[in-house]
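Undergrad: Contents of final_39.tsv (TSV, C-alpha atoms) are given next:
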```tsv
chain	number	residue	atom	x	y	z
A	1	MET	CA	62.69	-13.60	9.12
A	2	LYS	CA	61.43	-14.27	5.60
A	3	PHE	CA	57.87	-13.37	4.70
A	4	TYR	CA	55.90	-14.86	1.83
A	5	SER	CA	52.34	-14.60	0.57
A	6	LEU	CA	50.38	-17.82	0.38
A	7	ARG	CA	49.53	-16.94	-3.19
A	8	SER	CA	53.17	-17.41	-4.17
A	9	LEU	CA	53.47	-20.73	-2.34
A	10	ALA	CA	50.07	-22.28	-2.93
A	11	ILE	CA	50.76	-24.02	-6.24
A	12	ALA	CA	54.03	-25.59	-5.13
A	13	SER	CA	52.85	-26.68	-1.70
A	14	LEU	CA	49.51	-28.06	-2.87
A	15	ALA	CA	51.14	-29.95	-5.72
A	16	ALA	CA	53.47	-31.64	-3.26
A	17	GLU	CA	50.63	-32.50	-0.89
A	18	LYS	CA	49.33	-36.07	-1.17
A	19	MET	CA	46.05	-37.42	0.11
A	20	ASP	CA	46.37	-39.10	3.51
A	21	LEU	CA	44.21	-40.27	6.39
A	22	SER	CA	43.80	-36.81	7.86
A	23	GLU	CA	41.84	-35.76	4.77
A	24	LYS	CA	38.89	-37.57	6.33
A	25	LEU	CA	38.71	-34.73	8.85
A	26	ILE	CA	38.21	-32.14	6.14
A	27	SER	CA	35.05	-31.39	4.20
A	28	THR	CA	35.31	-29.16	1.17
A	29	GLN	CA	32.44	-30.33	-0.99
A	30	LYS	CA	30.37	-27.52	-2.48
A	31	GLN	CA	26.95	-28.97	-1.84
A	32	GLU	CA	23.76	-27.54	-0.47
A	33	TYR	CA	23.28	-28.18	3.23
A	34	LYS	CA	19.62	-27.59	3.91
A	35	MET	CA	18.38	-26.19	7.20
A	36	VAL	CA	14.85	-27.29	8.03
A	37	TRP	CA	12.93	-25.10	10.45
A	38	LYS	CA	9.59	-23.55	11.31
A	39	SER	CA	10.07	-21.96	14.73
A	40	GLU	CA	10.30	-18.24	15.31
A	41	ILE	CA	13.46	-18.66	17.38
A	42	ILE	CA	15.36	-20.21	14.44
A	43	LYS	CA	14.05	-17.48	12.15
A	44	LYS	CA	15.72	-14.97	14.47
A	45	VAL	CA	18.94	-17.01	14.43
A	46	LEU	CA	18.96	-17.07	10.62
A	47	ASP	CA	18.25	-13.34	10.43
A	48	GLN	CA	21.24	-12.79	12.70
A	49	ALA	CA	23.37	-15.10	10.54
A	50	GLU	CA	22.39	-13.15	7.43
A	51	LYS	CA	23.76	-9.95	8.92
A	52	ILE	CA	26.91	-11.64	10.17
A	53	ALA	CA	27.61	-13.21	6.76
A	54	SER	CA	28.19	-9.82	5.16
A	55	SER	CA	31.14	-9.07	7.45
A	56	ASP	CA	34.54	-10.76	7.49
A	57	PHE	CA	35.03	-11.01	11.26
A	58	PRO	CA	35.45	-14.33	13.10
A	59	VAL	CA	32.22	-15.96	14.27
A	60	LEU	CA	31.53	-18.05	17.37
A	61	ILE	CA	28.60	-20.48	17.25
A	62	SER	CA	27.57	-22.08	20.52
A	63	GLY	CA	25.07	-24.83	21.17
A	64	GLU	CA	24.67	-28.38	22.39
A	65	SER	CA	25.96	-31.27	20.30
A	66	GLY	CA	23.67	-32.09	17.42
A	67	THR	CA	21.95	-28.69	17.17
A	68	GLY	CA	23.26	-27.97	13.66
A	69	LYS	CA	26.27	-25.72	14.26
A	70	GLU	CA	28.07	-26.79	11.08
A	71	LEU	CA	24.90	-26.34	9.02
A	72	LEU	CA	24.65	-22.79	10.31
A	73	ALA	CA	28.34	-22.19	9.59
A	74	ARG	CA	27.84	-23.37	6.02
A	75	ARG	CA	24.85	-21.08	5.64
A	76	ILE	CA	26.95	-18.10	6.75
A	77	TYR	CA	29.65	-19.16	4.29
A	78	ARG	CA	27.20	-19.45	1.39
A	79	LYS	CA	25.86	-15.97	2.08
A	80	SER	CA	29.34	-14.44	2.36
A	81	LYS	CA	31.66	-12.90	-0.22
A	82	ARG	CA	33.89	-15.97	0.15
A	83	SER	CA	31.22	-18.38	-1.12
A	84	ASN	CA	33.10	-19.05	-4.37
A	85	ASN	CA	36.11	-20.35	-2.43
A	86	GLN	CA	36.63	-23.31	-0.14
A	87	PHE	CA	34.72	-24.19	3.01
A	88	VAL	CA	36.99	-26.37	5.13
A	89	SER	CA	35.55	-28.13	8.17
A	90	VAL	CA	37.86	-29.42	10.92
A	91	ASN	CA	36.83	-31.34	14.02
A	92	CYS	CA	39.41	-30.22	16.58
A	93	ALA	CA	38.35	-32.95	19.00
A	94	ALA	CA	39.31	-35.64	16.47
A	95	ILE	CA	42.95	-34.55	16.20
A	96	PRO	CA	45.50	-35.70	18.83
A	97	ASP	CA	47.08	-32.86	20.81
A	98	HIS	CA	50.58	-33.59	19.49
A	99	LEU	CA	49.36	-33.26	15.89
A	100	ILE	CA	46.98	-30.32	16.17
A	101	GLU	CA	49.48	-27.59	15.24
A	102	SER	CA	50.84	-29.59	12.32
A	103	GLU	CA	47.31	-30.23	11.05
A	104	LEU	CA	46.20	-26.62	11.33
A	105	PHE	CA	49.35	-24.77	10.34
A	106	GLY	CA	51.39	-27.39	8.46
A	107	HIS	CA	54.97	-28.42	9.10
A	108	ALA	CA	58.37	-28.32	7.44
A	109	LYS	CA	60.26	-31.42	6.38
A	110	GLY	CA	62.44	-32.69	9.21
A	111	SER	CA	60.66	-30.67	11.91
A	112	PHE	CA	60.01	-33.91	13.82
A	113	THR	CA	60.67	-37.63	13.42
A	114	ASP	CA	57.86	-38.48	11.00
A	115	ALA	CA	58.02	-35.21	9.05
A	116	ILE	CA	59.43	-36.75	5.86
A	117	ARG	CA	58.09	-33.93	3.68
A	118	ASP	CA	56.63	-30.46	3.91
A	119	ARG	CA	52.97	-30.47	4.85
A	120	THR	CA	50.27	-27.97	4.01
A	121	GLY	CA	47.96	-27.21	6.95
A	122	TYR	CA	44.26	-26.45	6.95
A	123	PHE	CA	44.81	-22.69	7.05
A	124	GLU	CA	46.72	-22.83	3.78
A	125	ARG	CA	44.15	-25.11	2.17
A	126	ALA	CA	41.33	-22.77	3.17
A	127	ASN	CA	43.10	-19.66	1.87
A	128	LEU	CA	40.62	-17.03	0.60
A	129	GLY	CA	37.81	-19.20	1.92
A	130	THR	CA	36.26	-20.13	5.27
A	131	LEU	CA	37.68	-22.43	7.95
A	132	PHE	CA	35.20	-24.01	10.35
A	133	LEU	CA	36.79	-25.09	13.64
A	134	ASP	CA	34.35	-27.38	15.41
A	135	GLU	CA	34.91	-27.99	19.14
A	136	VAL	CA	37.43	-25.14	19.28
A	137	THR	CA	37.80	-25.60	23.05
A	138	GLU	CA	39.73	-28.82	22.36
A	139	LEU	CA	42.69	-26.86	20.96
A	140	THR	CA	45.84	-26.86	23.09
A	141	LEU	CA	46.82	-23.55	24.67
A	142	SER	CA	49.79	-23.37	22.30
A	143	ALA	CA	47.55	-23.83	19.26
A	144	GLN	CA	45.16	-21.25	20.69
A	145	GLY	CA	48.01	-18.74	20.78
A	146	LYS	CA	48.83	-19.34	17.12
A	147	LEU	CA	45.16	-19.08	16.19
A	148	LEU	CA	44.97	-15.74	18.01
A	149	ARG	CA	47.92	-14.43	16.01
A	150	ILE	CA	46.27	-15.39	12.72
A	151	LEU	CA	43.06	-13.65	13.77
A	152	GLN	CA	44.96	-10.52	14.78
A	153	ASP	CA	47.76	-10.27	12.20
A	154	GLY	CA	46.82	-12.72	9.47
A	155	ARG	CA	50.21	-14.45	9.77
A	156	PHE	CA	51.56	-17.81	10.93
A	157	GLN	CA	54.46	-20.23	10.57
A	158	ARG	CA	54.49	-23.91	9.80
A	159	VAL	CA	55.83	-26.11	12.59
A	160	GLY	CA	59.63	-26.16	12.38
A	161	ASP	CA	59.86	-23.42	9.75
A	162	GLU	CA	61.08	-19.83	9.98
A	163	ILE	CA	59.17	-18.67	6.92
A	164	GLU	CA	56.22	-16.50	7.86
A	165	LEU	CA	53.07	-16.95	5.79
A	166	GLU	CA	50.00	-14.83	5.23
A	167	SER	CA	46.53	-16.17	5.90
A	168	ASP	CA	43.41	-14.72	4.30
A	169	VAL	CA	40.81	-16.96	5.91
A	170	ARG	CA	37.56	-16.30	7.70
A	171	VAL	CA	37.31	-18.40	10.84
A	172	ILE	CA	34.00	-19.71	12.16
A	173	ALA	CA	34.45	-21.51	15.47
A	174	ALA	CA	31.93	-23.65	17.32
A	175	THR	CA	31.64	-25.15	20.77
A	176	ASN	CA	29.17	-27.10	22.88
A	177	ARG	CA	30.70	-25.72	26.07
A	178	LYS	CA	30.42	-22.43	27.90
A	179	LEU	CA	33.59	-20.62	26.87
A	180	GLU	CA	33.38	-18.32	29.88
A	181	ASP	CA	33.76	-21.37	32.15
A	182	CYS	CA	36.69	-22.67	30.07
A	183	VAL	CA	38.39	-19.27	30.41
A	184	ARG	CA	37.79	-19.22	34.16
A	185	LEU	CA	39.30	-22.71	34.51
A	186	GLY	CA	42.36	-21.72	32.48
A	187	LYS	CA	41.55	-24.09	29.61
A	188	PHE	CA	40.86	-21.37	27.05
A	189	ARG	CA	42.75	-18.14	26.45
A	190	GLN	CA	40.81	-15.07	27.51
A	191	ASP	CA	42.25	-12.93	24.71
A	192	LEU	CA	41.22	-15.51	22.10
A	193	TYR	CA	37.75	-15.67	23.62
A	194	TYR	CA	37.34	-11.91	23.29
A	195	ARG	CA	38.54	-12.09	19.69
A	196	LEU	CA	36.09	-14.84	18.77
A	197	ALA	CA	33.19	-13.44	20.76
A	198	VAL	CA	32.78	-10.28	18.67
A	199	LEU	CA	30.11	-12.03	16.60
A	200	GLN	CA	28.26	-14.76	18.49
A	201	ILE	CA	25.28	-16.93	17.60
A	202	ALA	CA	23.63	-19.30	20.07
A	203	LEU	CA	21.71	-22.27	18.66
A	204	PRO	CA	18.93	-23.39	21.03
A	205	PRO	CA	18.45	-27.09	21.81
A	206	LEU	CA	15.73	-28.98	19.97
A	207	ARG	CA	13.61	-29.28	23.13
A	208	GLY	CA	13.29	-25.48	23.06
A	209	ARG	CA	11.96	-25.36	19.48
A	210	LEU	CA	8.98	-27.70	19.38
A	211	ASP	CA	7.67	-26.28	16.11
A	212	ASP	CA	10.80	-27.61	14.44
A	213	ILE	CA	10.38	-31.18	15.68
A	214	THR	CA	7.37	-31.87	13.47
A	215	VAL	CA	8.90	-30.45	10.28
A	216	LEU	CA	12.26	-32.09	10.96
A	217	ALA	CA	10.58	-35.45	11.61
A	218	GLU	CA	8.67	-35.18	8.34
A	219	HIS	CA	11.85	-34.15	6.52
A	220	PHE	CA	13.90	-37.07	7.85
A	221	LEU	CA	11.04	-39.51	7.26
A	222	LYS	CA	10.80	-38.44	3.64
A	223	LYS	CA	14.58	-38.52	3.25
A	224	HIS	CA	14.96	-42.07	4.53
A	225	SER	CA	11.79	-43.54	3.00
A	226	THR	CA	12.34	-42.20	-0.52
A	227	ASN	CA	13.47	-44.98	-2.88
A	228	ASN	CA	12.99	-47.44	-0.01
A	229	ASP	CA	10.42	-50.06	-0.97
A	230	ASP	CA	7.67	-50.75	1.57
A	231	ALA	CA	8.95	-48.02	3.91
A	232	PRO	CA	6.43	-46.15	6.09
A	233	THR	CA	5.56	-42.70	4.82
A	234	SER	CA	3.97	-41.10	7.88
A	235	LEU	CA	3.93	-41.06	11.68
A	236	SER	CA	1.05	-42.15	13.87
A	237	THR	CA	-0.47	-39.58	16.23
A	238	GLU	CA	1.01	-41.42	19.21
A	239	ALA	CA	4.47	-41.51	17.62
A	240	MET	CA	4.42	-37.78	16.87
A	241	SER	CA	3.24	-37.07	20.42
A	242	ALA	CA	6.16	-39.10	21.76
A	243	LEU	CA	8.59	-37.13	19.59
A	244	LEU	CA	7.22	-33.88	20.99
A	245	LEU	CA	7.36	-35.08	24.59
A	246	TYR	CA	10.89	-36.51	24.45
A	247	ARG	CA	13.76	-34.29	25.64
A	248	TRP	CA	16.21	-35.00	22.76
A	249	PRO	CA	19.56	-34.74	24.59
A	250	GLY	CA	21.25	-35.53	21.25
A	251	ASN	CA	19.14	-32.90	19.50
A	252	ILE	CA	18.66	-33.00	15.71
A	253	ARG	CA	21.27	-35.71	15.21
A	254	GLU	CA	19.43	-38.00	17.62
A	255	LEU	CA	16.09	-37.24	15.96
A	256	GLN	CA	17.48	-38.14	12.54
A	257	ASN	CA	18.97	-41.38	13.84
A	258	SER	CA	15.67	-42.30	15.50
A	259	LEU	CA	13.70	-41.69	12.30
A	260	GLU	CA	16.22	-43.59	10.20
A	261	ARG	CA	15.91	-46.60	12.50
A	262	ALA	CA	12.12	-46.31	12.59
A	263	VAL	CA	11.94	-46.38	8.79
A	264	ILE	CA	14.02	-49.57	8.72
A	265	MET	CA	12.08	-51.27	11.52
A	266	GLY	CA	8.73	-50.15	10.11
A	267	LYS	CA	9.24	-51.70	6.69
A	268	GLY	CA	5.95	-53.03	5.38
A	269	LYS	CA	3.90	-50.62	7.48
A	270	GLU	CA	2.11	-47.49	6.33
A	271	LYS	CA	2.84	-45.53	9.51
A	272	ILE	CA	5.58	-45.44	12.11
A	273	THR	CA	4.22	-46.29	15.55
A	274	LEU	CA	5.67	-46.18	19.05
A	275	ASN	CA	7.01	-49.68	18.56
A	276	GLU	CA	9.43	-48.50	15.87
A	277	LEU	CA	10.69	-45.48	17.81
A	278	ALA	CA	13.72	-46.26	19.95
A	279	LEU	CA	12.98	-43.62	22.57
A	280	PRO	CA	13.58	-44.05	26.31
A	281	ASN	CA	10.38	-44.33	28.36
A	282	LYS	CA	8.21	-44.44	25.25
A	283	GLU	CA	5.88	-46.81	27.11
A	284	SER	CA	5.06	-44.19	29.75
A	285	ASN	CA	4.44	-41.63	27.04
A	286	ALA	CA	2.02	-44.01	25.34
A	287	VAL	CA	0.05	-44.56	28.55
A	288	GLU	CA	-0.38	-40.83	29.07
A	289	TYR	CA	-1.91	-40.35	25.63
A	290	VAL	CA	-4.08	-43.48	25.36
A	291	GLU	CA	-7.78	-42.73	24.65
A	292	ARG	CA	-7.37	-38.97	24.96
A	293	ASN	CA	-8.62	-36.62	22.30
A	294	LEU	CA	-6.29	-34.11	20.65
A	295	LYS	CA	-7.34	-31.21	22.88
A	296	SER	CA	-6.63	-33.20	26.05
A	297	ALA	CA	-3.33	-34.48	24.69
A	298	MET	CA	-2.15	-30.98	23.80
A	299	LYS	CA	-3.16	-29.71	27.23
A	300	LEU	CA	-1.22	-32.50	28.91
A	301	PHE	CA	1.82	-31.87	26.75
A	302	LYS	CA	1.67	-28.11	27.42
A	303	ARG	CA	1.50	-28.75	31.16
A	304	ASN	CA	4.47	-31.15	31.15
A	305	PHE	CA	6.56	-28.93	28.90
A	306	ILE	CA	6.07	-25.76	30.95
A	307	ARG	CA	6.80	-27.65	34.16
A	308	GLU	CA	10.09	-28.91	32.69
A	309	VAL	CA	11.13	-25.40	31.61
A	310	LEU	CA	10.35	-24.07	35.07
A	311	GLU	CA	12.37	-26.87	36.67
A	312	GLU	CA	15.32	-26.05	34.40
A	313	HIS	CA	15.32	-22.50	35.77
A	314	ASP	CA	14.66	-23.43	39.41
A	315	GLY	CA	11.12	-22.07	39.26
A	316	ASN	CA	12.19	-18.58	38.14
A	317	ARG	CA	9.16	-17.41	36.17
A	318	THR	CA	10.87	-14.42	34.57
A	319	ILE	CA	13.67	-16.51	33.04
A	320	ALA	CA	11.24	-19.31	32.11
A	321	ALA	CA	8.95	-16.83	30.36
A	322	ASN	CA	11.89	-15.47	28.36
A	323	THR	CA	12.85	-19.01	27.36
A	324	LEU	CA	9.28	-19.74	26.28
A	325	GLY	CA	9.00	-16.44	24.43
A	326	ILE	CA	5.96	-15.23	26.38
A	327	GLN	CA	5.16	-12.56	28.97
A	328	ARG	CA	5.65	-13.39	32.64
A	329	THR	CA	2.04	-12.49	33.43
A	330	TYR	CA	0.82	-14.88	30.74
A	331	LEU	CA	3.02	-17.66	32.12
A	332	SER	CA	1.61	-17.10	35.60
A	333	ARG	CA	-1.91	-17.38	34.20
A	334	ILE	CA	-1.07	-20.66	32.44
A	335	ILE	CA	0.48	-22.06	35.63
A	336	LYS	CA	-2.73	-21.31	37.49
A	337	GLU	CA	-5.04	-22.61	34.75
A	338	LEU	CA	-3.17	-25.89	34.31
A	339	ASN	CA	-2.47	-26.32	38.03
A	340	ILE	CA	1.27	-26.71	37.48
A	341	ASP	CA	3.19	-27.56	40.64
A	342	ILE	CA	6.57	-25.83	40.94
```
What would the structure in this file look like if it were written as structure tokens?
TA:
Amino acid sequence: MKFYSLRSLAIASLAAEKMDLSEKLISTQKQEYKMVWKSEIIKKVLDQAEKIASSDFPVLISGESGTGKELLARRIYRKSKRSNNQFVSVNCAAIPDHLIESELFGHAKGSFTDAIRDRTGYFERANLGTLFLDEVTELTLSAQGKLLRILQDGRFQRVGDEIELESDVRVIAATNRKLEDCVRLGKFRQDLYYRLAVLQIALPPLRGRLDDITVLAEHFLKKHSTNNDDAPTSLSTEAMSALLLYRWPGNIRELQNSLERAVIMGKGKEKITLNELALPNKESNAVEYVERNLKSAMKLFKRNFIREVLEEHDGNRTIAANTLGIQRTYLSRIIKELNIDI
């Protein structure tokens, strides 16, 4: 079997590569991707990311959809020794199963019916840089096996080719699923999981980082109202209360979309009100806060929020306290003071 370094093949293969539709799946722009945060929990996540960035091991980022996994991956990349090289982002869920290996590892001319020329895969394009594999659980088991080999040996082959290539790429993978469950169900290789899980970062959902909702809302409002004539420039008290009370199943992405819509619908107004926010059950939220002073509103919100966290953990106060970042004894005192039914 022949063995070649990517350095010796890069010029020829990249010169032969033409732009095609699949390029829309790749993001290599060197631009600043800003993370907006205020909460202590995200500070801890970023401190962890700072330490991880200095190594060259694979990274696994977990979190619900819309929590900012790619933003965190880009932050790790910018802080790493590979920051002067490419950051390539690939959405594994957007690639059909029968094309995934060709997209990731490339293919040789004639390896299948439509292979009319040699193709450079994402691993070759990201050489010396960082490859971000979003929704890594969507990879086929065969592709998972090839990914494992790259992580272990730094080598791979294009589809239909006997030439073995080197790969000097740092892999950052992300998922919105519990990989342990995927392994148990036979949908994800256990050995690949162990390889990826050496360095893990978990991004909490937006509903668990309330301090971030206000600063993110202000950030998105400013972003979408700037250079937009007659756009609202602030949020009413009721609107901000609704943002804090809402569960945000779509997380930051949903918040941004809601603020973008509100700016458009609120044109000509100074402030965004509940009418401009497209949030489910916003009417019930408005009724709860009508004619209440700030102290009462905050007390009501605190009561509802703690009850929801307790319900999420089946009333387990120890786990709920850990989620809230407080002592169990303090949580018990709050439950008693606010008369929270569990």
Undergrad: With a distance cut-off of 12 Å and all atoms listed in the file, select the neighbouring residues of Leu331 in chain A, excluding the residue or stretch itself and same-chain residues fewer than 2 positions from it, and output the selection as a ChimeraX atom specification.
TA: /A:302-303,306-307,309-310,315-329,333-340
Undergrad: Just to confirm, what's the straight-line distance from CA of Gly121 in chain A to CA of Asp161 in chain A in Å (one decimal)?
TA: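 Value for the CA of Gly121 in chain A-CA of Asp161 in chain A distance: 12.8 Å.
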Undergrad: Applying 6 Å and all atoms listed in the file, which residues near range 79-87 of chain A remain after dropping the ones on its own chain fewer than 4 positions away? List them as number ranges by chain.
TA: A: 28, 53-54, 126, 129-130
Undergrad: Neighbours of Asn91 in chain A within 8 Å (all atoms listed in the file; same-chain residues fewer than 4 positions away dropped), as a PyMOL selection string?
TA: chain A and resi 25+95+133-135
Undergrad: My list of candidates is A:Asp341, A:Gln48, A:Asp211, A:Thr120. Which is closest to Glu311 in chain A when distances are computed with all atoms listed in the file?
TA: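 So, comparing all the options, the nearest one is A:Asp341.
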Undergrad: May I have a table of the residues of range 136-229 of chain A lying at most 12 Å from range 270-281 of chain A, giving each one's closest pair of atoms and their distance in Å to one decimal, counting only C-alpha atoms, ordered by chain and ascending residue number, as CSV?
TA:
```
residue,atom,partner,partner_atom,distance
A:Ala217,CA,A:Ile272,CA,11.2
A:Glu218,CA,A:Ile272,CA,11.4
A:Leu221,CA,A:Ile272,CA,9.4
A:Ser225,CA,A:Glu270,CA,11.0
A:Asp229,CA,A:Glu270,CA,11.4
```
